[in-house]
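Report on one structure; see the data block that follows.
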Amino acid sequence: RVLCPLVPSAPAALRALPRPVAVGVLHTTRPLHTSQQSLAPVPPLPEKGGEVRHGLIPEEFFQFLYPKTGVTGPYMLGTGLLLYLLSKEIYVINHETAAAACILTVIIYGIKKFGPQVAAFADKLNEEKMAAAVALKNESIQALQNAIEEEKKEQWRAEGRNYLFDAKRNNIAMLLETNYRERLLMVYNEVKKRLDYQVAMQNLKQQKEQEYMIQWVEKNVVQSITPQQQKESIAKCIMDLKALSKSAHAAV
Amino acid sequence: GPLWERPLMEVRLGELHSWISTCSFSPQGLLGAVQKAWSSYCAKYIHVRRGGPAGISMLLAGSYLLSYGWNYQHLKRHRWRKYH
């Protein structure tokens with residue numbers, strides 16, 4: 001750490017950076033969902049329509065005449081009206097009357113016989129449509145609730161961001177430390193190489209001096225041996241060898 | 001409520017005259033009245049979950065009476081007796 005004093009500790013360096021500025025000013029000025037919607041939810045359709053007697057005359061007419069004439073009032077009115085129209089021939093009986101009577105008979109017979117079946121079929125169709133719509137609504141409600149759950153989970157996950165940042169800070173500190181140590185090792189190796197070079201140079205120089213000195217001494221010694229000294233030393237060696245051989249013969 | 005806001009069914013016979021005097025007879029007023037009457041008829045007899053034959057049968061009966069009225073002068077010639 002003495003070699004590189006400018007590397008600060010990692011967490012302090014990262015915390016010294018300026019914080020990001022929030023840019024959410026626009027959506028805080030517009031209020032959402034503050035007014036009551038008037039179109040939704042649509043009220044459901046009524047179950048049954050207005051009461052109609054004999055398929056033609058609304059019940060209100062009977063109720064209107066009930067206080068004054070009782071229950072049979074409207075029927076009396078109807079009978080009297082019919083007789084008046086027939087007798088004065090305001091309603092003329094012709095071929096169309098017969099046709100209308102036959103057609104009305106068939107229609108009323110058909111309605112009385114097949115009415116409930118047709119009504120059940122139409123109700124079934126309606127039920128299927130309603131079930132599909134309700135299923136769709138429930139599915140979308142479920143999907144939205146799942147999305148809410150997921151969002152809450154994500155919010156909970158985001159609370160753990162401090163652990164993430166700590167881990168990242170640890171990673172960065174580790175990287176810095178590793179880098180520093182690598183460089184330290186490199187410096188050490190380089191310095192050692194230079195010092196080894198110097199040591200090798202000194203050793204080499206010493207070795208060369210020694211060898212040269214030995215050579216020089218040998219050369220001078222060889223030069224100083226005159227031929228006279230050489231003959232004398234050889235004769236001496238021969239005499240010594242003879243003496244040695246004699247003593248050896250004697251020993252054997 | 002006040003007289004001019006009540007629907008026709010809730011107006012008493014004695015007040016009928018004053019009620020008629022309060023409604024507007026301009027084209028928009030008449031059109032609005034026709035539209036209101038048609039929509040209230042539909043809401044009461046047609047746009048229900050379990051309707052019966054009453055909804056269309058009343059309309060057919062009304063159209064039958066209207067066409068009888070429009071053809072009355074022609075139908076009068078097919079009377080069975082001259083004096084009633």
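Labels used: A, B, ... for chains in the order of the structure tokens, numbers from 1 for residues in each chain, and numbers from 1 for ligands as shown.
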Can you check which parts of chain B lie within 10 Å of chain A? Per residue, the shortest pair of atoms and distance in Å to one decimal, counting only C-alpha atoms, sorted by chain and number, as CSV.
residue,atom,partner,partner_atom,distance
B:Met9,CA,A:Glu60,CA,9.7
B:Tyr41,CA,A:Gly50,CA,9.5
B:Cys42,CA,A:Gly49,CA,9.6
B:Ala43,CA,A:Gly49,CA,8.3
B:Lys44,CA,A:Gly49,CA,5.5
B:Tyr45,CA,A:Gly49,CA,4.8
B:Ile46,CA,A:Gly49,CA,7.1
B:His47,CA,A:Leu45,CA,7.0
B:Val48,CA,A:Pro46,CA,5.3
B:Arg49,CA,A:Glu47,CA,5.0
B:Arg50,CA,A:Lys48,CA,5.3
B:Gly51,CA,A:Gly49,CA,5.8
B:Gly52,CA,A:Gly49,CA,8.0
B:Pro53,CA,A:Gly55,CA,6.4
B:Ala54,CA,A:Gly55,CA,4.7
B:Gly55,CA,A:Gly55,CA,8.3
B:Ile56,CA,A:Gly55,CA,9.4
B:Ser57,CA,A:Leu56,CA,6.5
B:Met58,CA,A:Leu56,CA,5.4
B:Leu59,CA,A:Leu56,CA,9.2
B:Leu60,CA,A:Leu56,CA,9.6
B:Ala61,CA,A:Leu56,CA,7.6
B:Gly62,CA,A:Leu56,CA,9.7
B:Tyr68,CA,A:Tyr91,CA,8.9
B:Tyr72,CA,A:Ile90,CA,8.4
B:Leu75,CA,A:Val92,CA,6.9
B:Lys76,CA,A:Val92,CA,7.3
B:Arg77,CA,A:Val92,CA,9.2
B:His78,CA,A:Val92,CA,7.0
B:Arg79,CA,A:Val92,CA,5.9
B:Trp80,CA,A:Val92,CA,7.9
B:Arg81,CA,A:Glu89,CA,8.4
B:Lys82,CA,A:Glu89,CA,9.6
B:Tyr83,CA,A:Lys88,CA,8.7
B:His84,CA,A:Lys88,CA,5.5
Looking only at alpha helix (DSSP H) from DSSP on the backbone, list the matching residues of chain B as a PDB file with N, CA and C atoms, in the first residue's frame.
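Below you can see states_23.pdb, which holds the result:
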ATOM      1  N   LEU B  16    -105.214  17.592 -17.041  1.00  0.00           N
ATOM      2  CA  LEU B  16    -104.701  17.257 -18.365  1.00  0.00           C
ATOM      3  C   LEU B  16    -104.519  18.505 -19.217  1.00  0.00           C
ATOM      4  N   HIS B  17    -105.452  19.426 -19.126  1.00  0.00           N
ATOM      5  CA  HIS B  17    -105.393  20.615 -19.957  1.00  0.00           C
ATOM      6  C   HIS B  17    -104.141  21.428 -19.672  1.00  0.00           C
ATOM      7  N   SER B  18    -103.908  21.666 -18.357  1.00  0.00           N
ATOM      8  CA  SER B  18    -102.721  22.454 -18.014  1.00  0.00           C
ATOM      9  C   SER B  18    -101.442  21.693 -18.348  1.00  0.00           C
ATOM     10  N   TRP B  19    -101.511  20.364 -18.240  1.00  0.00           N
ATOM     11  CA  TRP B  19    -100.308  19.599 -18.589  1.00  0.00           C
ATOM     12  C   TRP B  19     -99.986  19.746 -20.070  1.00  0.00           C
ATOM     13  N   ILE B  20    -101.031  19.687 -20.930  1.00  0.00           N
ATOM     14  CA  ILE B  20    -100.774  19.813 -22.377  1.00  0.00           C
ATOM     15  C   ILE B  20    -100.212  21.196 -22.682  1.00  0.00           C
ATOM     16  N   SER B  21    -100.662  22.200 -21.906  1.00  0.00           N
ATOM     17  CA  SER B  21    -100.166  23.530 -22.202  1.00  0.00           C
ATOM     18  C   SER B  21     -98.707  23.700 -21.843  1.00  0.00           C
ATOM     19  N   THR B  22     -98.162  22.828 -20.988  1.00  0.00           N
ATOM     20  CA  THR B  22     -96.764  23.000 -20.600  1.00  0.00           C
ATOM     21  C   THR B  22     -95.792  22.319 -21.561  1.00  0.00           C
ATOM     22  N   PRO B  27     -90.797  21.132 -33.344  1.00  0.00           N
ATOM     23  CA  PRO B  27     -90.338  19.832 -33.886  1.00  0.00           C
ATOM     24  C   PRO B  27     -89.430  19.077 -32.936  1.00  0.00           C
ATOM     25  N   GLN B  28     -88.479  19.824 -32.303  1.00  0.00           N
ATOM     26  CA  GLN B  28     -87.614  19.125 -31.363  1.00  0.00           C
ATOM     27  C   GLN B  28     -88.405  18.556 -30.199  1.00  0.00           C
ATOM     28  N   GLY B  29     -89.378  19.337 -29.719  1.00  0.00           N
ATOM     29  CA  GLY B  29     -90.166  18.855 -28.603  1.00  0.00           C
ATOM     30  C   GLY B  29     -90.952  17.612 -28.952  1.00  0.00           C
ATOM     31  N   LEU B  30     -91.598  17.629 -30.140  1.00  0.00           N
ATOM     32  CA  LEU B  30     -92.372  16.456 -30.562  1.00  0.00           C
ATOM     33  C   LEU B  30     -91.476  15.243 -30.766  1.00  0.00           C
ATOM     34  N   LEU B  31     -90.330  15.519 -31.442  1.00  0.00           N
ATOM     35  CA  LEU B  31     -89.395  14.409 -31.669  1.00  0.00           C
ATOM     36  C   LEU B  31     -88.909  13.826 -30.351  1.00  0.00           C
ATOM     37  N   GLY B  32     -88.608  14.734 -29.403  1.00  0.00           N
ATOM     38  CA  GLY B  32     -88.163  14.259 -28.100  1.00  0.00           C
ATOM     39  C   GLY B  32     -89.240  13.445 -27.401  1.00  0.00           C
ATOM     40  N   ALA B  33     -90.505  13.906 -27.532  1.00  0.00           N
ATOM     41  CA  ALA B  33     -91.586  13.169 -26.893  1.00  0.00           C
ATOM     42  C   ALA B  33     -91.738  11.784 -27.506  1.00  0.00           C
ATOM     43  N   VAL B  34     -91.678  11.722 -28.861  1.00  0.00           N
ATOM     44  CA  VAL B  34     -91.800  10.418 -29.536  1.00  0.00           C
ATOM     45  C   VAL B  34     -90.667   9.490 -29.106  1.00  0.00           C
ATOM     46  N   GLN B  35     -89.436  10.060 -29.072  1.00  0.00           N
ATOM     47  CA  GLN B  35     -88.281   9.241 -28.685  1.00  0.00           C
ATOM     48  C   GLN B  35     -88.415   8.719 -27.267  1.00  0.00           C
ATOM     49  N   LYS B  36     -88.898   9.607 -26.368  1.00  0.00           N
ATOM     50  CA  LYS B  36     -89.043   9.186 -24.975  1.00  0.00           C
ATOM     51  C   LYS B  36     -90.087   8.081 -24.863  1.00  0.00           C
ATOM     52  N   ALA B  37     -91.220   8.254 -25.594  1.00  0.00           N
ATOM     53  CA  ALA B  37     -92.265   7.237 -25.502  1.00  0.00           C
ATOM     54  C   ALA B  37     -91.755   5.894 -26.024  1.00  0.00           C
ATOM     55  N   TRP B  38     -91.038   5.929 -27.171  1.00  0.00           N
ATOM     56  CA  TRP B  38     -90.538   4.671 -27.746  1.00  0.00           C
ATOM     57  C   TRP B  38     -89.530   4.014 -26.817  1.00  0.00           C
ATOM     58  N   SER B  39     -88.623   4.817 -26.257  1.00  0.00           N
ATOM     59  CA  SER B  39     -87.603   4.214 -25.401  1.00  0.00           C
ATOM     60  C   SER B  39     -88.218   3.671 -24.121  1.00  0.00           C
ATOM     61  N   SER B  40     -89.238   4.342 -23.572  1.00  0.00           N
ATOM     62  CA  SER B  40     -89.853   3.800 -22.364  1.00  0.00           C
ATOM     63  C   SER B  40     -90.631   2.526 -22.686  1.00  0.00           C
ATOM     64  N   TYR B  41     -91.290   2.462 -23.862  1.00  0.00           N
ATOM     65  CA  TYR B  41     -91.970   1.209 -24.246  1.00  0.00           C
ATOM     66  C   TYR B  41     -90.983   0.066 -24.388  1.00  0.00           C
ATOM     67  N   CYS B  42     -89.847   0.371 -25.083  1.00  0.00           N
ATOM     68  CA  CYS B  42     -88.834  -0.679 -25.255  1.00  0.00           C
ATOM     69  C   CYS B  42     -88.297  -1.146 -23.913  1.00  0.00           C
ATOM     70  N   ALA B  43     -88.006  -0.180 -23.034  1.00  0.00           N
ATOM     71  CA  ALA B  43     -87.414  -0.567 -21.758  1.00  0.00           C
ATOM     72  C   ALA B  43     -88.378  -1.397 -20.934  1.00  0.00           C
ATOM     73  N   LYS B  44     -89.700  -1.157 -21.121  1.00  0.00           N
ATOM     74  CA  LYS B  44     -90.650  -1.875 -20.278  1.00  0.00           C
ATOM     75  C   LYS B  44     -90.994  -3.241 -20.822  1.00  0.00           C
ATOM     76  N   TYR B  45     -91.105  -3.393 -22.159  1.00  0.00           N
ATOM     77  CA  TYR B  45     -91.647  -4.651 -22.691  1.00  0.00           C
ATOM     78  C   TYR B  45     -90.664  -5.448 -23.519  1.00  0.00           C
ATOM     79  N   ALA B  54     -95.899 -10.465 -25.472  1.00  0.00           N
ATOM     80  CA  ALA B  54     -96.616  -9.204 -25.284  1.00  0.00           C
ATOM     81  C   ALA B  54     -95.939  -8.052 -25.994  1.00  0.00           C
ATOM     82  N   GLY B  55     -94.600  -8.063 -26.035  1.00  0.00           N
ATOM     83  CA  GLY B  55     -93.896  -6.925 -26.579  1.00  0.00           C
ATOM     84  C   GLY B  55     -94.261  -6.654 -28.021  1.00  0.00           C
ATOM     85  N   ILE B  56     -94.052  -7.662 -28.919  1.00  0.00           N
ATOM     86  CA  ILE B  56     -94.325  -7.417 -30.329  1.00  0.00           C
ATOM     87  C   ILE B  56     -95.805  -7.483 -30.608  1.00  0.00           C
ATOM     88  N   SER B  57     -96.570  -8.290 -29.849  1.00  0.00           N
ATOM     89  CA  SER B  57     -97.990  -8.433 -30.187  1.00  0.00           C
ATOM     90  C   SER B  57     -98.707  -7.119 -30.010  1.00  0.00           C
ATOM     91  N   MET B  58     -98.309  -6.321 -29.005  1.00  0.00           N
ATOM     92  CA  MET B  58     -98.952  -5.016 -28.841  1.00  0.00           C
ATOM     93  C   MET B  58     -98.615  -4.096 -30.002  1.00  0.00           C
ATOM     94  N   LEU B  59     -97.353  -4.164 -30.462  1.00  0.00           N
ATOM     95  CA  LEU B  59     -96.969  -3.351 -31.623  1.00  0.00           C
ATOM     96  C   LEU B  59     -97.748  -3.769 -32.862  1.00  0.00           C
ATOM     97  N   LEU B  60     -97.901  -5.096 -33.042  1.00  0.00           N
ATOM     98  CA  LEU B  60     -98.642  -5.570 -34.221  1.00  0.00           C
ATOM     99  C   LEU B  60    -100.098  -5.177 -34.142  1.00  0.00           C
ATOM    100  N   ALA B  61    -100.659  -5.258 -32.933  1.00  0.00           N
ATOM    101  CA  ALA B  61    -102.063  -4.854 -32.774  1.00  0.00           C
ATOM    102  C   ALA B  61    -102.226  -3.372 -33.074  1.00  0.00           C
ATOM    103  N   GLY B  62    -101.240  -2.567 -32.596  1.00  0.00           N
ATOM    104  CA  GLY B  62    -101.335  -1.147 -32.871  1.00  0.00           C
ATOM    105  C   GLY B  62    -101.246  -0.851 -34.354  1.00  0.00           C
ATOM    106  N   SER B  63    -100.328  -1.560 -35.052  1.00  0.00           N
ATOM    107  CA  SER B  63    -100.204  -1.329 -36.494  1.00  0.00           C
ATOM    108  C   SER B  63    -101.452  -1.794 -37.216  1.00  0.00           C
ATOM    109  N   TYR B  64    -102.052  -2.909 -36.700  1.00  0.00           N
ATOM    110  CA  TYR B  64    -103.281  -3.380 -37.322  1.00  0.00           C
ATOM    111  C   TYR B  64    -104.386  -2.332 -37.218  1.00  0.00           C
ATOM    112  N   LEU B  65    -104.536  -1.750 -36.030  1.00  0.00           N
ATOM    113  CA  LEU B  65    -105.580  -0.743 -35.841  1.00  0.00           C
ATOM    114  C   LEU B  65    -105.326   0.471 -36.721  1.00  0.00           C
ATOM    115  N   LEU B  66    -104.071   0.900 -36.800  1.00  0.00           N
ATOM    116  CA  LEU B  66    -103.727   2.047 -37.645  1.00  0.00           C
ATOM    117  C   LEU B  66    -104.086   1.786 -39.101  1.00  0.00           C
ATOM    118  N   SER B  67    -103.698   0.614 -39.610  1.00  0.00           N
ATOM    119  CA  SER B  67    -103.972   0.335 -41.029  1.00  0.00           C
ATOM    120  C   SER B  67    -105.479   0.172 -41.260  1.00  0.00           C
ATOM    121  N   TYR B  68    -106.213  -0.366 -40.249  1.00  0.00           N
ATOM    122  CA  TYR B  68    -107.679  -0.429 -40.393  1.00  0.00           C
ATOM    123  C   TYR B  68    -108.271   0.964 -40.503  1.00  0.00           C
ATOM    124  N   GLY B  69    -107.730   1.854 -39.661  1.00  0.00           N
ATOM    125  CA  GLY B  69    -108.212   3.223 -39.731  1.00  0.00           C
ATOM    126  C   GLY B  69    -107.915   3.869 -41.063  1.00  0.00           C
ATOM    127  N   TRP B  70    -106.713   3.634 -41.618  1.00  0.00           N
ATOM    128  CA  TRP B  70    -106.359   4.259 -42.885  1.00  0.00           C
ATOM    129  C   TRP B  70    -107.182   3.701 -44.039  1.00  0.00           C
ATOM    130  N   TYR B  72    -110.353   2.582 -43.768  1.00  0.00           N
ATOM    131  CA  TYR B  72    -111.766   2.476 -43.387  1.00  0.00           C
ATOM    132  C   TYR B  72    -112.707   2.873 -44.520  1.00  0.00           C
ATOM    133  N   GLN B  73    -112.375   3.918 -45.242  1.00  0.00           N
ATOM    134  CA  GLN B  73    -113.271   4.373 -46.313  1.00  0.00           C
ATOM    135  C   GLN B  73    -113.448   3.296 -47.365  1.00  0.00           C
ATOM    136  N   HIS B  74    -112.388   2.526 -47.634  1.00  0.00           N
ATOM    137  CA  HIS B  74    -112.512   1.435 -48.604  1.00  0.00           C
ATOM    138  C   HIS B  74    -113.300   0.279 -48.035  1.00  0.00           C
ATOM    139  N   LEU B  75    -113.079  -0.011 -46.735  1.00  0.00           N
ATOM    140  CA  LEU B  75    -113.755  -1.150 -46.126  1.00  0.00           C
ATOM    141  C   LEU B  75    -115.240  -0.890 -45.932  1.00  0.00           C
TER     142      LEU B  75
END
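Interatomic distance, atom CA of Phe114 of chain A against atom CA of Ala100 of chain A: 20.7 Å.
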